[in-house]
>>> print(open('coords-v4.cif').read())   # mmCIF, C-alpha atoms and all ligand atoms
data_work
#
loop_
_atom_site.label_atom_id
_atom_site.label_comp_id
_atom_site.auth_asym_id
_atom_site.auth_seq_id
_atom_site.Cartn_x
_atom_site.Cartn_y
_atom_site.Cartn_z
CA MET R 1 0.00 0.00 0.00
CA CYS R 2 2.71 2.41 1.13
CA HIS R 3 4.70 1.61 -1.96
CA VAL R 4 1.83 2.55 -4.27
CA GLN R 5 1.30 5.88 -2.48
CA LEU R 6 4.94 6.76 -2.81
CA ARG R 7 4.82 6.05 -6.51
CA THR R 8 1.75 8.28 -6.90
CA LEU R 9 3.51 11.01 -4.98
CA ILE R 10 6.59 10.83 -7.18
CA PHE R 11 4.42 10.89 -10.27
CA VAL R 12 2.48 13.95 -9.12
CA ALA R 13 5.71 15.73 -8.17
CA TRP R 14 7.13 14.92 -11.58
CA VAL R 15 4.08 16.31 -13.41
CA LEU R 16 4.13 19.48 -11.29
CA GLY R 17 7.83 19.96 -11.91
CA TYR R 18 7.34 19.51 -15.64
CA VAL R 19 4.49 22.01 -15.77
CA ALA R 20 6.55 24.51 -13.74
CA PHE R 21 9.42 24.01 -16.13
CA LEU R 22 7.21 24.68 -19.14
CA LEU R 23 5.71 27.77 -17.57
CA SER R 24 9.11 29.23 -16.79
CA PHE R 25 10.17 28.34 -20.30
CA LYS R 26 7.20 30.20 -21.65
CA ARG R 27 8.04 33.27 -19.59
CA MET R 28 11.63 33.16 -20.75
CA TRP R 29 10.69 33.15 -24.39
CA THR R 30 8.01 35.77 -24.10
CA GLY R 31 9.70 39.02 -24.96
CA LYS R 32 12.93 39.42 -26.78
CA HIS R 33 14.09 35.84 -27.14
CA ILE R 34 12.76 34.31 -30.33
CA ARG R 35 14.11 31.03 -31.51
CA SER R 36 15.18 31.33 -35.09
CA PRO R 37 16.69 34.44 -36.67
CA LEU R 38 14.21 34.21 -39.54
CA VAL R 39 11.23 34.12 -37.24
CA ARG R 40 12.79 36.99 -35.33
CA SER R 41 13.04 39.03 -38.49
CA LEU R 42 9.50 38.17 -39.49
CA PHE R 43 7.83 38.55 -36.14
CA MET R 44 8.21 41.17 -33.50
CA SER R 45 7.07 39.55 -30.31
CA MET R 46 4.93 41.44 -27.90
CA VAL R 47 4.57 41.17 -24.18
CA THR R 48 0.95 41.74 -23.32
CA GLU R 49 1.13 41.99 -19.57
CA GLY R 50 1.08 45.35 -17.88
CA GLU R 51 0.74 48.83 -19.24
CA ALA R 52 3.59 48.58 -21.69
CA GLY R 53 1.16 46.56 -23.83
CA THR R 54 -1.36 49.38 -24.14
CA ALA R 55 1.31 51.92 -25.08
CA ASP R 56 2.67 49.57 -27.72
CA GLN R 57 -0.84 49.01 -29.03
CA LEU R 58 -1.15 52.72 -29.76
CA GLU R 59 2.01 52.50 -31.85
CA TRP R 60 0.40 49.86 -34.06
CA TYR R 61 -1.82 52.47 -35.72
CA ARG R 62 0.46 55.49 -35.65
CA CYS R 63 1.41 57.27 -38.84
CA CYS R 64 3.32 60.48 -39.31
CA PRO R 65 1.50 62.13 -42.24
CA ASP R 66 4.37 64.57 -42.87
CA LEU R 67 6.53 61.65 -43.94
CA LEU R 68 4.01 60.46 -46.54
CA GLY R 69 4.30 61.63 -50.13
CA GLU R 70 2.03 64.50 -51.15
CA SER R 71 -0.26 62.35 -53.27
CA VAL R 72 -0.65 59.75 -50.50
CA ARG R 73 -1.13 62.09 -47.52
CA PRO R 74 -4.79 63.08 -48.12
CA LEU R 75 -5.76 59.42 -48.64
CA PHE R 76 -4.47 58.16 -45.29
CA VAL R 77 -7.22 56.77 -43.05
CA GLN R 78 -6.55 56.59 -39.31
CA SER R 79 -7.60 53.27 -37.74
CA HIS R 80 -7.93 52.45 -34.04
CA MET R 81 -8.04 49.51 -31.68
CA ASP R 82 -11.68 48.36 -31.62
CA THR R 83 -13.83 45.71 -29.95
CA ASP R 84 -13.28 43.00 -32.60
CA THR R 85 -9.52 43.46 -32.40
CA LYS R 86 -9.63 43.29 -28.60
CA ALA R 87 -11.73 40.13 -28.77
CA PHE R 88 -9.21 38.47 -31.09
CA LEU R 89 -6.34 39.34 -28.74
CA LYS R 90 -8.22 38.08 -25.71
CA HIS R 91 -9.08 34.77 -27.34
CA SER R 92 -5.54 34.35 -28.55
CA GLN R 93 -4.18 35.01 -25.07
CA GLU R 94 -6.52 32.41 -23.58
CA LYS R 95 -5.64 29.83 -26.19
CA SER R 96 -1.94 30.35 -25.57
CA GLY R 97 -2.55 29.28 -21.99
CA TRP R 98 -4.12 25.90 -22.87
CA LEU R 99 -1.07 23.98 -21.80
CA PHE R 100 -1.85 20.56 -23.23
CA THR R 101 -3.09 21.86 -26.56
CA GLN R 102 0.06 23.95 -26.87
CA LEU R 103 2.26 20.98 -25.94
CA TYR R 104 0.62 18.85 -28.60
CA HIS R 105 0.97 21.65 -31.19
CA SER R 106 4.60 22.13 -30.29
CA LEU R 107 5.33 18.41 -30.66
CA VAL R 108 3.57 18.03 -34.03
CA SER R 109 5.17 21.20 -35.32
CA THR R 110 8.67 20.03 -34.34
CA VAL R 111 8.18 16.69 -36.06
CA LEU R 112 6.69 18.12 -39.26
CA SER R 113 8.67 21.33 -39.70
CA PRO R 114 11.58 19.87 -41.72
CA MET R 115 9.16 18.63 -44.41
CA VAL R 116 6.01 20.70 -44.30
CA SER R 117 5.52 24.48 -44.60
CA ARG R 118 4.63 26.42 -41.46
CA THR R 119 1.37 27.48 -43.13
CA SER R 120 0.33 23.87 -43.71
CA ILE R 121 1.27 22.81 -40.18
CA ASN R 122 -0.85 25.63 -38.79
CA GLY R 123 -3.69 24.71 -41.12
CA PHE R 124 -3.48 21.08 -40.07
CA LEU R 125 -3.49 21.95 -36.37
CA GLY R 126 -6.13 24.65 -36.77
CA ARG R 127 -3.90 27.21 -35.10
CA GLY R 128 -2.23 30.47 -36.10
CA SER R 129 -5.43 32.22 -37.18
CA MET R 130 -4.87 35.70 -38.54
CA PHE R 131 -6.55 39.03 -38.03
CA VAL R 132 -6.12 41.93 -40.48
CA PHE R 133 -9.17 44.16 -40.00
CA SER R 134 -12.51 44.17 -38.25
CA ALA R 135 -15.79 44.56 -40.17
CA ASP R 136 -15.89 48.24 -39.17
CA GLN R 137 -12.34 48.88 -40.30
CA PHE R 138 -13.01 47.15 -43.64
CA GLN R 139 -16.14 49.25 -44.22
CA GLN R 140 -14.39 52.47 -43.29
CA LEU R 141 -11.58 51.71 -45.70
CA LEU R 142 -13.89 50.92 -48.63
CA ARG R 143 -16.26 53.73 -47.64
CA ILE R 144 -19.27 51.41 -47.55
CA GLY R 145 -22.08 50.89 -45.07
CA PRO R 146 -22.86 47.66 -43.18
CA ASP R 147 -25.61 46.82 -45.72
CA TRP R 148 -23.55 47.33 -48.86
CA GLU R 149 -23.64 44.31 -51.16
CA ALA R 150 -21.89 43.31 -54.38
CA ASN R 151 -21.66 40.15 -56.49
CA ARG R 152 -18.20 38.67 -56.35
CA LEU R 153 -15.26 38.68 -53.97
CA LEU R 154 -12.01 36.88 -54.76
CA ASP R 155 -9.60 36.40 -51.85
CA LEU R 156 -6.14 35.41 -53.10
CA GLY R 157 -4.05 33.36 -50.65
CA ALA R 158 -6.97 33.26 -48.24
CA GLY R 159 -5.31 31.15 -45.53
CA ASP R 160 -7.90 29.51 -43.24
CA GLY R 161 -10.59 31.97 -44.39
CA GLY R 162 -10.84 33.88 -41.11
CA VAL R 163 -10.13 37.19 -42.83
CA THR R 164 -12.22 36.20 -45.87
CA GLU R 165 -15.23 35.88 -43.60
CA VAL R 166 -14.97 39.53 -42.47
CA MET R 167 -15.23 40.68 -46.10
CA GLY R 168 -17.45 37.85 -47.39
CA VAL R 169 -20.69 39.04 -45.76
CA HIS R 170 -20.87 41.81 -48.37
CA PHE R 171 -20.86 39.47 -51.38
CA LYS R 172 -23.25 37.03 -53.04
CA GLN R 173 -20.37 34.79 -54.17
CA VAL R 174 -17.01 34.31 -52.47
CA TYR R 175 -14.06 32.80 -54.33
CA ALA R 176 -10.68 31.96 -52.83
CA THR R 177 -7.28 30.63 -53.85
CA GLU R 178 -4.73 28.77 -51.73
CA VAL R 179 -1.69 26.56 -52.29
CA SER R 180 -1.58 24.85 -48.89
CA PRO R 181 -3.75 21.68 -48.80
CA PRO R 182 -4.93 21.99 -45.15
CA MET R 183 -5.88 25.63 -45.77
CA LYS R 184 -7.87 24.59 -48.87
CA TRP R 185 -9.74 22.18 -46.68
CA HIS R 186 -10.63 24.96 -44.21
CA LEU R 187 -11.88 27.15 -47.08
CA GLN R 188 -14.04 24.38 -48.52
CA ARG R 189 -15.57 23.79 -45.11
CA ARG R 190 -16.64 27.43 -45.09
CA ASN R 191 -18.34 26.89 -48.48
CA TYR R 192 -16.08 29.23 -50.44
CA THR R 193 -15.52 28.37 -54.09
CA LEU R 194 -11.88 27.37 -54.51
CA LEU R 195 -10.16 28.38 -57.73
CA GLY R 196 -6.74 27.24 -58.95
CA ILE R 197 -3.90 29.76 -58.92
CA ASP R 198 -3.93 29.73 -62.74
CA GLU R 199 -7.70 29.47 -63.00
CA TRP R 200 -9.21 32.63 -61.46
CA GLN R 201 -7.92 34.82 -64.33
CA HIS R 202 -9.81 32.75 -66.92
CA THR R 203 -13.24 32.12 -65.47
CA GLY R 204 -15.02 34.39 -67.96
CA PHE R 205 -16.36 36.74 -65.25
CA GLN R 206 -14.86 39.63 -63.29
CA TYR R 207 -14.78 40.42 -59.58
CA ASP R 208 -16.13 43.44 -57.70
CA VAL R 209 -13.41 43.18 -55.09
CA ILE R 210 -10.17 41.21 -55.18
CA SER R 211 -8.25 40.97 -51.94
CA CYS R 212 -4.59 40.16 -51.86
CA LEU R 213 -3.74 40.21 -48.17
CA ASN R 214 -0.19 39.55 -47.10
CA LEU R 215 0.50 37.56 -50.24
CA LEU R 216 2.69 39.91 -52.30
CA ASP R 217 5.79 38.93 -50.28
CA ARG R 218 4.92 35.23 -50.60
CA CYS R 219 4.67 34.82 -54.35
CA ASP R 220 7.19 34.33 -57.13
CA ASP R 221 6.16 37.12 -59.48
CA PRO R 222 4.29 39.91 -57.65
CA LEU R 223 4.15 42.35 -60.60
CA HIS R 224 2.62 39.72 -62.82
CA LEU R 225 0.08 38.97 -60.10
CA LEU R 226 -0.86 42.67 -59.89
CA ARG R 227 -1.39 42.87 -63.66
CA ASP R 228 -3.59 39.76 -63.59
CA ILE R 229 -5.65 41.31 -60.78
CA ARG R 230 -6.06 44.52 -62.76
CA SER R 231 -7.55 42.76 -65.75
CA SER R 232 -9.85 40.60 -63.59
CA LEU R 233 -11.59 43.51 -61.83
CA VAL R 234 -14.98 44.80 -62.95
CA PRO R 235 -14.09 47.91 -65.00
CA LYS R 236 -14.42 51.28 -63.20
CA THR R 237 -16.06 50.08 -59.96
CA GLY R 238 -13.77 47.11 -59.21
CA ARG R 239 -11.39 47.49 -56.25
CA LEU R 240 -8.26 45.77 -55.04
CA VAL R 241 -7.75 45.52 -51.28
CA LEU R 242 -4.09 44.83 -50.68
CA ALA R 243 -2.23 44.34 -47.42
CA ALA R 244 1.56 44.28 -47.28
CA VAL R 245 3.78 43.60 -44.30
CA LEU R 246 6.40 46.31 -43.88
CA PRO R 247 9.37 46.30 -43.88
CA PHE R 248 8.90 44.30 -47.05
CA GLN R 249 10.79 40.99 -46.84
CA PRO R 250 9.89 38.63 -49.65
CA TYR R 251 10.27 34.94 -48.82
CA ILE R 252 8.37 32.01 -50.23
CA GLU R 253 7.69 28.74 -48.44
CA VAL R 254 8.92 25.67 -50.28
CA GLY R 255 8.11 22.61 -48.19
CA GLY R 256 9.72 23.28 -44.82
CA LYS R 257 12.18 25.83 -46.23
CA TRP R 258 12.10 29.55 -46.96
CA GLU R 259 13.49 30.77 -50.28
CA ARG R 260 13.88 34.06 -52.09
CA PRO R 261 11.28 34.59 -54.84
CA LYS R 262 12.34 34.67 -58.51
CA GLU R 263 11.09 38.19 -59.10
CA HIS R 264 12.19 40.39 -56.23
CA LEU R 265 10.23 43.61 -55.64
CA LYS R 266 12.49 46.31 -54.25
CA ILE R 267 10.85 48.87 -52.04
CA ALA R 268 12.81 51.94 -51.10
CA GLY R 269 12.62 53.82 -47.81
CA LYS R 270 13.36 53.11 -44.18
CA THR R 271 10.20 54.13 -42.36
CA TRP R 272 6.69 52.72 -42.76
CA GLU R 273 5.59 56.01 -44.35
CA GLU R 274 8.43 56.07 -46.89
CA GLN R 275 7.80 52.48 -47.92
CA VAL R 276 4.07 53.12 -48.31
CA THR R 277 4.80 56.11 -50.51
CA ASN R 278 7.27 54.11 -52.57
CA LEU R 279 4.83 51.24 -53.04
CA CYS R 280 2.17 53.64 -54.35
CA SER R 281 4.34 55.80 -56.57
CA GLU R 282 6.45 52.98 -58.02
CA VAL R 283 5.02 49.48 -57.70
CA PHE R 284 1.26 50.09 -57.89
CA LYS R 285 1.62 52.82 -60.48
CA ARG R 286 3.73 50.58 -62.69
CA ALA R 287 1.09 47.85 -62.45
CA GLY R 288 -1.65 50.34 -63.45
CA PHE R 289 -3.23 51.06 -60.07
CA GLU R 290 -4.22 54.28 -58.40
CA LEU R 291 -4.52 54.73 -54.62
CA GLU R 292 -7.90 55.37 -53.06
CA ALA R 293 -7.19 54.84 -49.35
CA VAL R 294 -4.44 53.50 -47.11
CA THR R 295 -4.27 52.72 -43.40
CA ARG R 296 -1.87 51.26 -40.85
CA LEU R 297 -2.99 48.15 -38.97
CA PRO R 298 -1.38 45.44 -36.85
CA TYR R 299 -1.40 42.04 -38.59
CA LEU R 300 -2.16 39.73 -35.69
CA CYS R 301 -1.51 36.03 -35.47
CA GLU R 302 -2.60 33.65 -32.71
CA GLY R 303 0.20 32.73 -30.36
CA ASP R 304 1.73 29.48 -29.22
CA MET R 305 3.41 28.15 -26.10
CA TYR R 306 5.92 30.99 -26.11
CA ASN R 307 3.87 34.08 -26.97
CA ASP R 308 0.30 35.21 -26.40
CA TYR R 309 0.18 36.43 -29.98
CA TYR R 310 2.41 37.71 -32.74
CA VAL R 311 2.16 41.03 -34.48
CA LEU R 312 3.49 42.39 -37.75
CA ASP R 313 3.20 45.86 -39.21
CA ASP R 314 0.68 46.01 -42.07
CA ALA R 315 -0.15 48.65 -44.64
CA VAL R 316 -3.63 48.11 -46.10
CA PHE R 317 -4.43 49.77 -49.43
CA VAL R 318 -7.59 50.22 -51.48
CA LEU R 319 -6.65 50.54 -55.15
CA LYS R 320 -8.51 51.02 -58.40
CA ALA R 321 -7.34 50.53 -61.97
CA SER R 322 -5.99 53.78 -63.36
CA GLU R 323 -7.18 55.04 -66.76
CA ASP R 324 -3.85 54.45 -68.44
CA THR R 325 -2.42 50.93 -68.29
CA GLY R 326 0.81 51.70 -66.48
CA ASP R 327 4.28 51.26 -68.04
CA SER R 328 3.58 48.50 -70.46
CA PRO R 329 0.65 46.13 -70.66
CA GLN R 330 2.90 43.06 -70.73
C1 LIG I 401 0.73 35.16 -44.98
S1 LIG I 401 -0.62 34.13 -45.45
C2 LIG I 401 -1.96 35.29 -45.56
C3 LIG I 401 -3.28 34.67 -45.27
C4 LIG I 401 -4.45 35.66 -45.27
N1 LIG I 401 -4.64 36.25 -46.58
C5 LIG I 401 -4.20 36.75 -44.26
O1 LIG I 401 -4.00 37.90 -44.65
O2 LIG I 401 -4.20 36.47 -43.06
C6 LIG I 401 -0.23 33.80 -47.15
C7 LIG I 401 -1.07 32.64 -47.69
O3 LIG I 401 -0.92 32.60 -49.11
C8 LIG I 401 -0.82 31.27 -49.53
N2 LIG I 401 -0.09 31.33 -50.80
C9 LIG I 401 1.24 31.38 -51.03
N3 LIG I 401 1.50 31.50 -52.35
C10 LIG I 401 0.30 31.55 -52.97
C11 LIG I 401 -0.11 31.68 -54.34
N4 LIG I 401 0.78 31.78 -55.32
N5 LIG I 401 -1.44 31.70 -54.60
C12 LIG I 401 -2.35 31.62 -53.62
N6 LIG I 401 -2.02 31.48 -52.32
C13 LIG I 401 -0.72 31.45 -51.99
C14 LIG I 401 -0.10 30.57 -48.41
O4 LIG I 401 -0.42 29.20 -48.39
C15 LIG I 401 -0.63 31.30 -47.18
O5 LIG I 401 -1.76 30.66 -46.62
C1 LIG I 402 -22.36 24.87 -46.55
O1 LIG I 402 -23.36 24.45 -47.46
C2 LIG I 402 -24.10 23.32 -47.02
C3 LIG I 402 -25.01 22.86 -48.15
O2 LIG I 402 -25.59 23.94 -48.81
C4 LIG I 402 -24.85 23.69 -45.73
O3 LIG I 402 -25.59 22.59 -45.26
C5 LIG I 402 -23.85 24.15 -44.67
O4 LIG I 402 -24.51 24.59 -43.50
C6 LIG I 402 -22.94 25.27 -45.20
N1 LIG I 402 -21.89 25.52 -44.24
C7 LIG I 402 -21.58 26.76 -43.84
C8 LIG I 402 -20.44 26.88 -42.89
O5 LIG I 402 -22.18 27.75 -44.22
#
>>> encode(input="coords-v4.cif", output="structure tokens")
Amino acid sequence: MCHVQLRTLIFVAWVLGYVAFLLSFKRMWTGKHIRSPLVRSLFMSMVTEGEAGTADQLEWYRCCPDLLGESVRPLFVQSHMDTDTKAFLKHSQEKSGWLFTQLYHSLVSTVLSPMVSRTSINGFLGRGSMFVFSADQFQQLLRIGPDWEANRLLDLGAGDGGVTEVMGVHFKQVYATEVSPPMKWHLQRRNYTLLGIDEWQHTGFQYDVISCLNLLDRCDDPLHLLRDIRSSLVPKTGRLVLAAVLPFQPYIEVGGKWERPKEHLKIAGKTWEEQVTNLCSEVFKRAGFELEAVTRLPYLCEGDMYNDYYVLDDAVFVLKASEDTGDSPQ
């Protein structure tokens, strides 16, 4: 009898010790220590405890209009932290504390990461959901009301469809593209029509809105993509909603590895404002687009064992096709 109790005691002590170890590990990694240099360059980690968090959250939306180019300045839209954004952060924080779920995620991710892309691992585990804008922020940017409706939305590189859903309520038909198989599965479950990455340009119809959110730095030929988008929009009223993570660091996922894309977009400027200006006056102009609105938003990603959430710096643009076709049509 005594023997059995001792064994139970040792087991309980062992479990407690292990949990304590993991918790201290989590604390250690929250903040400035991020594992790989690539992840460090891609993700700025945030500590959410205490008041420092609130001050940092103000920074997420801050823009210095004087640093924007003259043509961009009047089109800047100021966004703010709102209830949907807060709700996403709160849920993400809670989820990061589910110890056993996080342990399981961490184990699967370690085993799969040499072979499978991070996107697909996240899709498979149903973690790493993203947040770009709330319904209110989307409507403000497009200057539409909550009841506005149009026919077709195409979301390129839609991920798990979380962001698609925010936009999708305004459209009769929602189309999406993805390359990652688990993400495709998520999109199908949400009843979105999946199109191939060489199919959406040739369907015989055009789209009222095409969204290309955080994809430009993940594809092989971004200028070609922009030209395809331009010719697939409904003439005159069609709009492109484009989000780009700044500073712009193009990398594409090939299996478990990250590689440089074939066609490398160069964006000049050091600050967020300079890069936004450069994107508008060089890249978008060359592809035949004209700016209608731009805002600064945090691109939020659900956390893991080590961080409550991750945040990147996004610039979100609303663009329309300009009258002239840009440099050269092809
Ligand atoms: C950074 S995620 C962005 C997801 C979502 N749009 C968002 O803003 O949260 C980029 C997604 O694009 C997908 N992707 C990469 N290359 C693509 C391509 N050529 N066509 C369509 N999707 C692509 C990836 O699988 C990944 O899910
Ligand atoms: C998808 O469509 C099916 C069949 O029309 C329907 O039963 C189901 O509820 C839909 N799912 C969602 C998430 O809307």
>>> residues_near_ligand(input="coords-v4.cif", ligand="ligand LIG 401 (chain I)", cutoff="7 Å", atoms="only C-alpha atoms and all ligand atoms", output="short mmCIF file (atom, residue, chain, number, x, y, z; two decimals) with C-alpha atoms, in the coordinates of the input")
data_model
loop_
_atom_site.label_atom_id
_atom_site.label_comp_id
_atom_site.auth_asym_id
_atom_site.auth_seq_id
_atom_site.Cartn_x
_atom_site.Cartn_y
_atom_site.Cartn_z
CA THR R 119 1.37 27.48 -43.13
CA MET R 130 -4.87 35.70 -38.54
CA PHE R 131 -6.55 39.03 -38.03
CA VAL R 132 -6.12 41.93 -40.48
CA LEU R 156 -6.14 35.41 -53.10
CA GLY R 157 -4.05 33.36 -50.65
CA ALA R 158 -6.97 33.26 -48.24
CA GLY R 159 -5.31 31.15 -45.53
CA VAL R 163 -10.13 37.19 -42.83
CA THR R 177 -7.28 30.63 -53.85
CA GLU R 178 -4.73 28.77 -51.73
CA VAL R 179 -1.69 26.56 -52.29
CA SER R 180 -1.58 24.85 -48.89
CA MET R 183 -5.88 25.63 -45.77
CA ILE R 197 -3.90 29.76 -58.92
CA CYS R 212 -4.59 40.16 -51.86
CA LEU R 213 -3.74 40.21 -48.17
CA ASN R 214 -0.19 39.55 -47.10
CA LEU R 215 0.50 37.56 -50.24
CA ARG R 218 4.92 35.23 -50.60
CA CYS R 219 4.67 34.82 -54.35
#
>>> residues_near_ligand(input="coords-v4.cif", ligand="ligand LIG 402 (chain I)", cutoff="7 Å", atoms="only C-alpha atoms and all ligand atoms", output="MDAnalysis selection string")
chainID R and resid 189:191
>>> atom_distance(input="coords-v4.cif", atom1="CA of His264 in chain R", atom2="CA of Leu216 in chain R")
10.3 Å
>>> residues_near_point(input="coords-v4.cif", point="(-4.9, 50.4, -61.0)", cutoff="6 Å", atoms="only C-alpha atoms", output="PDB file with C-alpha atoms, in the coordinates of the input")
ATOM      1  CA  GLY R 288      -1.650  50.340 -63.450  1.00  0.00           C
ATOM      2  CA  PHE R 289      -3.230  51.060 -60.070  1.00  0.00           C
ATOM      3  CA  GLU R 290      -4.220  54.280 -58.400  1.00  0.00           C
ATOM      4  CA  LYS R 320      -8.510  51.020 -58.400  1.00  0.00           C
ATOM      5  CA  ALA R 321      -7.340  50.530 -61.970  1.00  0.00           C
ATOM      6  CA  SER R 322      -5.990  53.780 -63.360  1.00  0.00           C
TER       7      SER R 322
END
>>> closest_residue(input="coords-v4.cif", among="R:His202, R:Lys285, R:Ala176, R:Gly168", to="Leu226 in chain R", atoms="all atoms listed in the file")
R:Lys285
>>> residues_around(input="coords-v4.cif", residues="range 164-166 of chain R", least_positions_apart="5", cutoff="8 Å", atoms="all atoms listed in the file", output="PyMOL selection string")
chain R and resi 133-135+138+155+158
>>> atom_distance(input="coords-v4.cif", atom1="CA of Arg127 in chain R", atom2="CA of Val111 in chain R")
16.0 Å
>>> residues_around(input="coords-v4.cif", residues="Thr295 in chain R", least_positions_apart="5", cutoff="10 Å", atoms="all atoms listed in the file", output="PyMOL selection string")
chain R and resi 61-63+75-79+137+141+243+276+314-318
>>> atom_distance(input="coords-v4.cif", atom1="CA of Ser106 in chain R", atom2="CA of Asn307 in chain R")
12.4 Å
>>> closest_residue(input="coords-v4.cif", among="R:Gly269, R:Glu323, R:Ser113, R:Leu300", to="Gln93 in chain R", atoms="all atoms listed in the file")
R:Leu300
>>> closest_residue(input="coords-v4.cif", among="R:Glu282, R:Asp217, R:Glu273, R:Asp304", to="Glu253 in chain R", atoms="only C-alpha atoms")
R:Asp217
>>> closest_residue(input="coords-v4.cif", among="R:Gln206, R:Glu292, R:Gly126, R:Tyr299", to="Pro74 in chain R", atoms="all atoms listed in the file")
R:Glu292
>>> residues_around(input="coords-v4.cif", residues="Lys270 in chain R", least_positions_apart="4", cutoff="12 Å", atoms="only C-alpha atoms", output="PDB file with C-alpha atoms, keeping the file's coordinate frame")
ATOM      1  CA  LEU R  67       6.530  61.650 -43.940  1.00  0.00           C
ATOM      2  CA  LEU R 246       6.400  46.310 -43.880  1.00  0.00           C
ATOM      3  CA  PRO R 247       9.370  46.300 -43.880  1.00  0.00           C
ATOM      4  CA  PHE R 248       8.900  44.300 -47.050  1.00  0.00           C
ATOM      5  CA  GLU R 274       8.430  56.070 -46.890  1.00  0.00           C
ATOM      6  CA  GLN R 275       7.800  52.480 -47.920  1.00  0.00           C
ATOM      7  CA  VAL R 276       4.070  53.120 -48.310  1.00  0.00           C
ATOM      8  CA  THR R 277       4.800  56.110 -50.510  1.00  0.00           C
ATOM      9  CA  ASN R 278       7.270  54.110 -52.570  1.00  0.00           C
TER      10      ASN R 278
END
>>> closest_residue(input="coords-v4.cif", among="R:Leu153, R:Met167, R:Met305, R:Leu240", to="Gly97 in chain R", atoms="only C-alpha atoms")
R:Met305
>>> decode(input="coords-v4.cif", residues="range 196-215 of chain R", atoms="C-alpha atoms", output="compact mmCIF listing (two decimals), in the first residue's frame")
# COMPACT_ATOMS: atom_id res chain seq x y z
CA GLY R 196 -6.74 27.24 -58.95
CA ILE R 197 -3.90 29.76 -58.92
CA ASP R 198 -3.93 29.73 -62.74
CA GLU R 199 -7.70 29.47 -63.00
CA TRP R 200 -9.21 32.63 -61.46
CA GLN R 201 -7.92 34.82 -64.33
CA HIS R 202 -9.81 32.75 -66.92
CA THR R 203 -13.24 32.12 -65.47
CA GLY R 204 -15.02 34.39 -67.96
CA PHE R 205 -16.36 36.74 -65.25
CA GLN R 206 -14.86 39.63 -63.29
CA TYR R 207 -14.78 40.42 -59.58
CA ASP R 208 -16.13 43.44 -57.70
CA VAL R 209 -13.41 43.18 -55.09
CA ILE R 210 -10.17 41.21 -55.18
CA SER R 211 -8.25 40.97 -51.94
CA CYS R 212 -4.59 40.16 -51.86
CA LEU R 213 -3.74 40.21 -48.17
CA ASN R 214 -0.19 39.55 -47.10
CA LEU R 215 0.50 37.56 -50.24
